[in-house]
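Structure data follow from model.cif (mmCIF, C-alpha atoms):
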```cif
data_query
#
loop_
_atom_site.label_atom_id
_atom_site.label_comp_id
_atom_site.auth_asym_id
_atom_site.auth_seq_id
_atom_site.Cartn_x
_atom_site.Cartn_y
_atom_site.Cartn_z
CA MET F 1 81.43 105.12 -31.92
CA ILE F 2 79.90 103.86 -28.68
CA LYS F 3 79.81 107.41 -27.32
CA ILE F 4 77.73 108.46 -30.30
CA ILE F 5 75.35 105.56 -29.76
CA LEU F 6 74.93 106.38 -26.09
CA LEU F 7 74.11 109.97 -27.00
CA ILE F 8 71.56 108.91 -29.61
CA LEU F 9 69.98 106.22 -27.43
CA VAL F 10 70.33 108.20 -24.24
CA THR F 11 67.30 106.50 -22.75
CA ILE F 12 69.30 103.31 -22.36
CA ASN F 13 71.25 103.02 -19.12
CA ILE F 14 73.64 100.54 -20.69
CA SER F 15 76.02 99.19 -18.11
CA TYR F 16 76.35 95.45 -18.24
CA ALA F 17 78.16 95.64 -14.95
CA GLU F 18 81.61 94.17 -14.63
CA ARG F 19 81.21 94.36 -10.85
CA GLU F 20 79.59 91.58 -8.89
CA HIS F 21 75.94 92.09 -7.99
CA TYR F 22 74.42 90.51 -4.89
CA PHE F 23 70.86 89.36 -4.40
CA ILE F 24 68.66 86.98 -2.43
CA LYS F 25 67.77 83.93 -4.51
CA LEU F 26 64.42 82.54 -3.37
CA GLY F 27 64.87 79.22 -5.19
CA SER F 28 64.40 77.64 -8.62
CA PHE F 29 60.95 76.70 -9.91
CA LYS F 30 59.39 74.92 -12.88
CA ASN F 31 55.80 76.05 -12.28
CA LEU F 32 55.54 79.77 -13.04
CA ASN F 33 51.90 80.11 -11.92
CA GLY F 34 52.65 78.42 -8.61
CA LEU F 35 55.65 80.70 -8.11
CA LYS F 36 53.58 83.82 -8.78
CA HIS F 37 50.95 82.61 -6.31
CA SER F 38 53.65 82.20 -3.65
CA ILE F 39 55.09 85.65 -4.35
CA ASN F 40 51.65 87.25 -4.15
CA ARG F 41 51.42 86.01 -0.55
CA LEU F 42 54.34 88.27 0.40
CA PRO F 43 53.76 91.68 1.99
CA TYR F 44 53.99 94.42 -0.62
CA ASN F 45 57.21 95.89 0.82
CA LEU F 46 58.94 92.54 0.18
CA ARG F 47 57.19 91.66 -3.07
CA SER F 48 58.05 95.01 -4.66
CA HIS F 49 61.77 94.11 -4.66
CA ILE F 50 61.50 90.84 -6.62
CA ILE F 51 62.35 89.98 -10.22
CA ILE F 52 61.74 86.60 -11.90
CA VAL F 53 64.26 85.57 -14.58
CA ASN F 54 64.27 82.49 -16.78
CA ARG F 55 67.41 80.38 -16.99
CA ASN F 56 67.53 77.02 -18.76
CA SER F 57 63.75 76.55 -18.38
CA TRP F 58 63.89 77.32 -14.64
CA TYR F 59 62.10 80.33 -13.14
CA ILE F 60 64.41 82.03 -10.64
CA PRO F 61 63.01 84.76 -8.33
CA ILE F 62 65.64 87.15 -6.96
CA ALA F 63 65.22 90.03 -4.52
CA TYR F 64 67.10 93.20 -3.55
CA TYR F 65 69.54 93.13 -6.49
CA ASN F 66 72.41 95.53 -5.65
CA PHE F 67 76.17 95.92 -5.10
CA ASN F 68 76.13 95.67 -1.27
CA ARG F 69 76.11 92.15 0.19
CA ASN F 70 75.70 93.34 3.80
CA TYR F 71 72.53 95.19 2.84
CA LEU F 72 70.79 91.86 2.16
CA TYR F 73 71.12 90.34 5.64
CA GLN F 74 68.34 92.50 7.09
CA TYR F 75 65.83 91.07 4.58
CA LEU F 76 66.96 87.44 4.37
CA PRO F 77 65.22 86.23 7.60
CA ARG F 78 61.91 87.80 6.54
CA LEU F 79 62.02 86.20 3.09
CA LYS F 80 62.91 82.79 4.56
CA LEU F 81 59.56 82.83 6.36
CA TYR F 82 57.94 82.43 2.93
CA PHE F 83 60.76 80.79 0.93
CA ARG F 84 62.76 78.55 3.26
CA ASP F 85 65.46 77.94 0.62
CA ALA F 86 66.19 81.68 0.24
CA HIS F 87 69.91 82.49 0.38
CA ILE F 88 72.35 85.18 -0.74
CA LYS F 89 74.04 84.78 -4.13
CA HIS F 90 76.21 86.89 -6.40
CA SER F 91 76.57 87.12 -10.18
CA ARG F 92 77.64 89.45 -12.98
CA TYR F 93 75.21 88.05 -15.49
CA ILE F 94 71.91 87.18 -13.79
CA MET F 95 70.10 90.22 -15.23
CA GLN F 96 71.08 89.27 -18.77
CA TYR F 97 68.63 86.35 -18.67
CA PRO F 98 65.05 87.01 -19.88
CA ILE F 99 62.99 88.87 -17.30
CA ILE F 100 59.63 87.10 -16.87
CA LYS F 101 58.14 89.33 -14.18
CA ASN F 102 59.39 92.52 -12.56
CA TYR F 103 57.60 93.33 -9.32
CA ARG F 104 59.84 96.35 -8.73
CA ILE F 105 58.12 98.46 -11.38
CA LYS F 106 55.80 100.96 -9.79
CA ARG F 107 52.64 101.84 -11.64
CA VAL F 108 50.98 105.07 -10.67
CA HIS F 109 47.19 104.84 -10.76
CA THR F 110 45.69 108.25 -11.43
CA PRO F 111 42.03 108.86 -10.51
CA PRO F 112 39.86 108.72 -13.65
CA VAL F 113 38.76 112.34 -13.28
CA TYR F 114 42.31 113.50 -13.99
CA ARG F 115 43.18 110.85 -16.55
CA PRO F 116 43.47 112.26 -20.11
CA LYS F 117 41.24 110.59 -22.66
CA ARG F 118 42.59 109.44 -25.97
CA VAL F 119 40.49 111.95 -27.92
CA TYR F 120 38.92 115.16 -26.73
CA TYR F 121 36.65 117.52 -28.60
CA GLN F 122 37.00 121.21 -29.16
CA GLU F 123 33.76 122.93 -30.02
CA THR F 124 33.63 125.36 -32.91
CA ILE F 125 30.48 127.45 -33.34
CA ILE F 126 29.41 127.91 -36.97
CA PRO F 127 26.59 130.43 -37.54
CA THR F 128 23.87 129.84 -40.13
CA LEU F 129 21.32 132.15 -41.69
CA LEU F 130 18.23 130.00 -41.16
CA THR F 131 18.64 128.17 -37.91
CA LYS F 132 20.45 128.29 -34.59
CA PRO F 133 24.24 127.98 -34.60
CA TYR F 134 25.40 124.36 -34.65
CA VAL F 135 28.54 122.77 -33.29
CA VAL F 136 31.25 120.92 -35.21
CA LYS F 137 33.46 118.66 -33.09
CA GLU F 138 37.17 118.55 -33.97
CA SER F 139 39.33 115.77 -32.56
CA LYS F 140 42.91 116.07 -31.41
CA LYS F 141 45.20 113.21 -30.36
CA TYR F 142 47.36 113.36 -27.29
CA ASN F 143 51.05 112.74 -27.81
CA TYR F 144 52.48 110.26 -25.32
CA PHE F 145 53.89 106.74 -25.25
CA THR F 146 51.77 103.74 -24.28
CA LYS F 147 52.72 100.06 -24.04
CA ASN F 148 50.27 98.98 -26.75
CA MET F 149 51.56 101.43 -29.32
CA LEU F 150 55.08 99.93 -29.03
CA SER F 151 54.74 96.25 -28.14
CA GLY F 152 55.03 94.09 -31.26
CA LYS F 153 56.01 97.05 -33.46
CA LYS F 154 59.21 97.96 -35.25
CA PHE F 155 60.62 101.37 -36.13
CA TYR F 156 63.62 102.72 -37.98
CA LEU F 157 65.63 105.17 -35.89
CA ALA F 158 67.29 107.65 -38.24
CA TYR F 159 70.16 109.90 -37.18
CA LYS F 160 71.35 112.29 -39.88
CA ALA F 161 75.10 112.74 -40.28
CA THR F 162 76.81 115.69 -38.65
CA LYS F 163 80.35 117.00 -38.78
CA ASN F 164 81.40 114.62 -36.03
CA SER F 165 79.31 111.51 -36.79
CA PRO F 166 78.02 109.60 -39.83
CA ASN F 167 74.50 108.59 -40.82
CA LEU F 168 72.96 105.99 -38.58
CA LEU F 169 69.93 103.81 -39.31
CA ILE F 170 68.82 101.25 -36.75
CA LYS F 171 65.89 98.86 -36.86
CA VAL F 172 64.30 99.00 -33.39
CA THR F 173 61.91 96.16 -32.53
CA PHE F 174 59.77 96.29 -29.38
CA ASN F 175 58.69 92.95 -27.94
CA ASN F 176 56.63 92.51 -24.78
CA HIS F 177 59.35 93.52 -22.32
CA THR F 178 62.51 93.84 -24.42
CA VAL F 179 63.73 95.94 -27.32
CA THR F 180 66.29 94.80 -29.91
CA TYR F 181 68.53 96.88 -32.16
CA GLN F 182 69.63 95.84 -35.65
CA PRO F 183 72.02 98.29 -37.38
CA ILE F 184 71.26 98.78 -41.06
CA ILE F 185 73.63 101.69 -41.66
CA GLY F 186 76.48 102.25 -39.22
CA ASP F 187 77.44 99.95 -36.35
CA MET F 188 76.94 99.58 -32.61
CA THR F 189 77.95 97.10 -29.92
CA MET F 190 74.68 96.56 -28.05
CA ASN F 191 71.76 94.63 -29.50
CA LYS F 192 69.19 94.18 -26.72
CA ALA F 193 67.76 96.00 -23.68
CA ASN F 194 64.68 96.04 -21.46
CA TYR F 195 62.03 98.75 -21.70
CA ILE F 196 59.03 100.07 -19.81
CA ILE F 197 56.48 102.86 -20.14
CA ASP F 198 56.17 104.80 -16.88
CA LYS F 199 54.06 107.98 -16.66
CA HIS F 200 53.98 108.01 -20.50
CA ARG F 201 57.80 108.13 -20.66
CA LEU F 202 59.85 105.47 -22.45
CA TYR F 203 62.70 104.02 -20.38
CA MET F 204 65.17 101.52 -21.89
CA PHE F 205 67.71 99.92 -19.59
CA ALA F 206 70.13 97.02 -19.31
CA ASP F 207 69.41 95.64 -15.84
CA SER F 208 67.24 97.61 -13.41
CA PHE F 209 64.63 100.32 -13.92
CA THR F 210 64.81 103.67 -12.14
CA GLU F 211 62.54 106.68 -12.58
CA ASN F 212 65.63 108.90 -12.20
CA GLY F 213 67.26 107.43 -15.31
CA ALA F 214 67.35 108.84 -18.83
CA TYR F 215 64.15 108.57 -20.85
CA SER F 216 62.38 109.52 -24.09
CA LYS F 217 59.19 111.51 -24.65
CA LEU F 218 56.88 111.40 -27.65
CA GLU F 219 56.73 114.99 -28.89
CA GLU F 220 54.70 114.64 -32.07
CA ARG F 221 53.18 112.11 -34.46
CA ARG F 222 53.64 112.81 -38.14
CA GLU F 223 52.54 110.91 -41.20
CA ASN F 224 55.72 108.84 -41.59
CA TYR F 225 57.47 109.01 -38.23
CA LEU F 226 57.40 109.83 -34.54
CA VAL F 227 59.28 112.83 -33.18
CA VAL F 228 60.99 111.62 -30.00
CA SER F 229 63.05 113.72 -27.59
CA SER F 230 65.75 112.32 -25.30
CA TRP F 231 66.12 113.58 -21.71
CA ALA F 232 68.58 113.13 -18.85
CA ASN F 233 69.02 115.00 -15.56
CA GLY F 234 66.10 117.25 -16.42
CA LYS F 235 67.70 118.43 -19.70
CA LYS F 236 66.64 117.78 -23.27
CA LEU F 237 69.59 116.27 -25.15
CA ASN F 238 68.34 115.75 -28.69
CA THR F 239 65.38 114.98 -30.93
CA LEU F 240 65.23 111.84 -33.08
CA ARG F 241 62.95 110.39 -35.72
CA TYR F 242 61.41 106.91 -35.42
CA TYR F 243 60.17 106.06 -38.93
CA PHE F 244 57.46 103.48 -39.60
CA ASN F 245 58.99 102.53 -42.96
CA MET F 246 62.65 101.88 -43.75
CA ASN F 247 62.68 103.58 -47.15
CA LYS F 248 61.13 106.74 -45.68
CA ALA F 249 63.97 106.78 -43.16
CA LYS F 250 66.51 106.36 -45.98
CA GLU F 251 64.88 109.21 -47.88
CA TYR F 252 65.38 111.43 -44.82
CA LEU F 253 69.07 110.41 -44.73
CA ASN F 254 69.43 111.14 -48.48
CA ILE F 255 70.11 107.45 -49.19
CA LYS F 256 68.74 105.58 -52.19
CA PRO F 257 65.76 103.43 -51.07
CA SER F 258 65.99 99.63 -51.29
CA THR F 259 63.61 97.76 -53.59
CA GLY F 260 62.45 94.20 -54.11
CA LEU F 261 64.42 91.44 -52.44
CA ALA F 262 67.00 93.82 -50.97
CA ASN F 263 64.25 95.63 -49.09
CA ILE F 264 62.85 92.36 -47.69
CA LEU F 265 66.29 91.13 -46.61
CA GLU F 266 67.10 94.37 -44.78
CA GLU F 267 63.79 94.44 -42.95
CA GLY F 268 63.48 90.75 -42.24
CA LYS F 269 59.83 90.94 -43.37
CA TYR F 270 57.45 93.43 -44.92
CA ASP F 271 56.65 96.55 -42.90
CA ASP F 272 53.52 96.26 -40.80
CA SER F 273 51.26 99.27 -40.97
CA PHE F 274 51.56 101.45 -37.89
CA LEU F 275 48.53 100.88 -35.69
CA ASP F 276 47.44 103.93 -33.75
CA ASN F 277 46.34 102.16 -30.56
CA ASP F 278 46.37 104.46 -27.58
CA ASP F 279 45.01 102.05 -24.97
CA ASP F 280 47.01 102.82 -21.87
CA TYR F 281 49.56 100.55 -20.23
#
```

Turn the structure described in the file into structure tokens.
Amino acid sequence: MIKIILLILVTINISYAEREHYFIKLGSFKNLNGLKHSINRLPYNLRSHIIIVNRNSWYIPIAYYNFNRNYLYQYLPRLKLYFRDAHIKHSRYIMQYPIIKNYRIKRVHTPPVYRPKRVYYQETIIPTLLTKPYVVKESKKYNYFTKNMLSGKKFYLAYKATKNSPNLLIKVTFNNHTVTYQPIIGDMTMNKANYIIDKHRLYMFADSFTENGAYSKLEERRENYLVVSSWANGKKLNTLRYYFNMNKAKEYLNIKPSTGLANILEEGKYDDSFLDNDDDY
């Protein structure tokens, strides 16, 4: 079953590593704002390799998270100039703690002249008999992911049964930096991952973000769902539906919709209306 899940949710690089990971721990801090101020003093080439995680109410900044311990020694002396308690540590589980700040994520700032607007207008000339031709403006929405259209929203990922796999219905809830999965029909082993929007692509991953990983693209917005394609290694793997309403997803799967209390219990709360907010990330 896990192979089916990985195919459906191909954007998730799920590998809660059984191997030890090594990193430079800069210390443990109670004051998050003070910690961020200290990190902002670092040169960009050092700062861009840092992640802050939260463990037992302590904010722990780690740098250069990887499998190779020897790789860290070249950076340790430079980081100790700013964090004198910095030292090399290893763990299998550090990235499973909540990520408070990820300085490794690169945001590409495109000059405004090339940046697509949320709505553009296509002019249509309509002739009249009495006056000059006038113009009617028709709007068209761009189809791409943004942080604001996902954060705080929930969807129902519907996968229709095939010869080799059954129906699957998963409640997908996007928080600020994490996404959770709640199976409604079918089962799966994972229940939480991180996510980010980069260049209008949706990446979901277990520990670290890479632009070379698998991702999803928003192909089309329809009345009741989003059409989302999954990509890996430059190839399109499949197309899925992210419904705004659970019963609409069940209708697509040819399953009898839930009503009343059963509907509330399955959803956890009433469906929020889908807000079409295209403000960029």

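Applied to the shown file, the PyMOL selection byres ((chain F and resi 218) around 9) selects the residues Asn143, Tyr144, Phe145, His200, Arg201, Leu202, Ser216, Lys217, Glu219, Glu220, Arg221, Leu226, Val227, Val228 and Ser229 of chain F.
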
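Taking atom CA of Met95 of chain F and atom CA of Tyr181 of chain F as endpoints, the distance between them is 18.3 Å.
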
Near segment 230-243 of chain F, counting all atoms listed in the file, which residues have an atom at most 9 Å away, once you skip same-chain residues fewer than 2 positions from it, shown as a PDB file with C-alpha atoms, in the frame of the given file?
```
ATOM      1  CA  LEU F   7      74.110 109.970 -27.000  1.00  0.00           C
ATOM      2  CA  ILE F   8      71.560 108.910 -29.610  1.00  0.00           C
ATOM      3  CA  LEU F   9      69.980 106.220 -27.430  1.00  0.00           C
ATOM      4  CA  VAL F  10      70.330 108.200 -24.240  1.00  0.00           C
ATOM      5  CA  THR F  11      67.300 106.500 -22.750  1.00  0.00           C
ATOM      6  CA  LYS F 154      59.210  97.960 -35.250  1.00  0.00           C
ATOM      7  CA  PHE F 155      60.620 101.370 -36.130  1.00  0.00           C
ATOM      8  CA  TYR F 156      63.620 102.720 -37.980  1.00  0.00           C
ATOM      9  CA  LEU F 157      65.630 105.170 -35.890  1.00  0.00           C
ATOM     10  CA  ALA F 158      67.290 107.650 -38.240  1.00  0.00           C
ATOM     11  CA  TYR F 159      70.160 109.900 -37.180  1.00  0.00           C
ATOM     12  CA  VAL F 172      64.300  99.000 -33.390  1.00  0.00           C
ATOM     13  CA  ASN F 212      65.630 108.900 -12.200  1.00  0.00           C
ATOM     14  CA  GLY F 213      67.260 107.430 -15.310  1.00  0.00           C
ATOM     15  CA  ALA F 214      67.350 108.840 -18.830  1.00  0.00           C
ATOM     16  CA  TYR F 215      64.150 108.570 -20.850  1.00  0.00           C
ATOM     17  CA  SER F 216      62.380 109.520 -24.090  1.00  0.00           C
ATOM     18  CA  LYS F 217      59.190 111.510 -24.650  1.00  0.00           C
ATOM     19  CA  GLU F 219      56.730 114.990 -28.890  1.00  0.00           C
ATOM     20  CA  ASN F 224      55.720 108.840 -41.590  1.00  0.00           C
ATOM     21  CA  TYR F 225      57.470 109.010 -38.230  1.00  0.00           C
ATOM     22  CA  LEU F 226      57.400 109.830 -34.540  1.00  0.00           C
ATOM     23  CA  VAL F 227      59.280 112.830 -33.180  1.00  0.00           C
ATOM     24  CA  VAL F 228      60.990 111.620 -30.000  1.00  0.00           C
ATOM     25  CA  ASN F 245      58.990 102.530 -42.960  1.00  0.00           C
ATOM     26  CA  MET F 246      62.650 101.880 -43.750  1.00  0.00           C
ATOM     27  CA  ASN F 247      62.680 103.580 -47.150  1.00  0.00           C
ATOM     28  CA  LYS F 248      61.130 106.740 -45.680  1.00  0.00           C
ATOM     29  CA  ALA F 249      63.970 106.780 -43.160  1.00  0.00           C
TER      30      ALA F 249
END
```

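Atom CA of Ser91 of chain F is found 10.0 Å from atom CA of Tyr65 of chain F.
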
*Pairwise distance for atom CA of Thr180 of chain F and atom CA of Ala193 of chain F, rounded to one decimal in Å*: 6.5 Å

_Spatial neighbours of Leu26 of chain F, 12 Å, all atoms listed in the file, chain gap at least 2 places, as a PyMOL selection string_ = chain F and resi 23-24+28-29+35+38-39+46-47+49-53+59-64+75-89

*If the PyMOL selection byres ((chain F and resi 195) around 10) is run on the structure shown, which residues does it catch, given as a PyMOL selection string?*
chain F and resi 11-12+147+174-179+192-194+196-198+202-209

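You can rank F:His21, F:Lys101, F:Arg55, F:Lys30 by their closest distance to Asn68 of chain F using only C-alpha atoms, and at the top of that list sits F:His21.
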
*Run the PyMOL selection byres ((chain F and resi 185) around 10) against the file shown and list the residues it catches, as a ChimeraX atom specification.*
/F:158-159,166-171,182-184,186-188,250
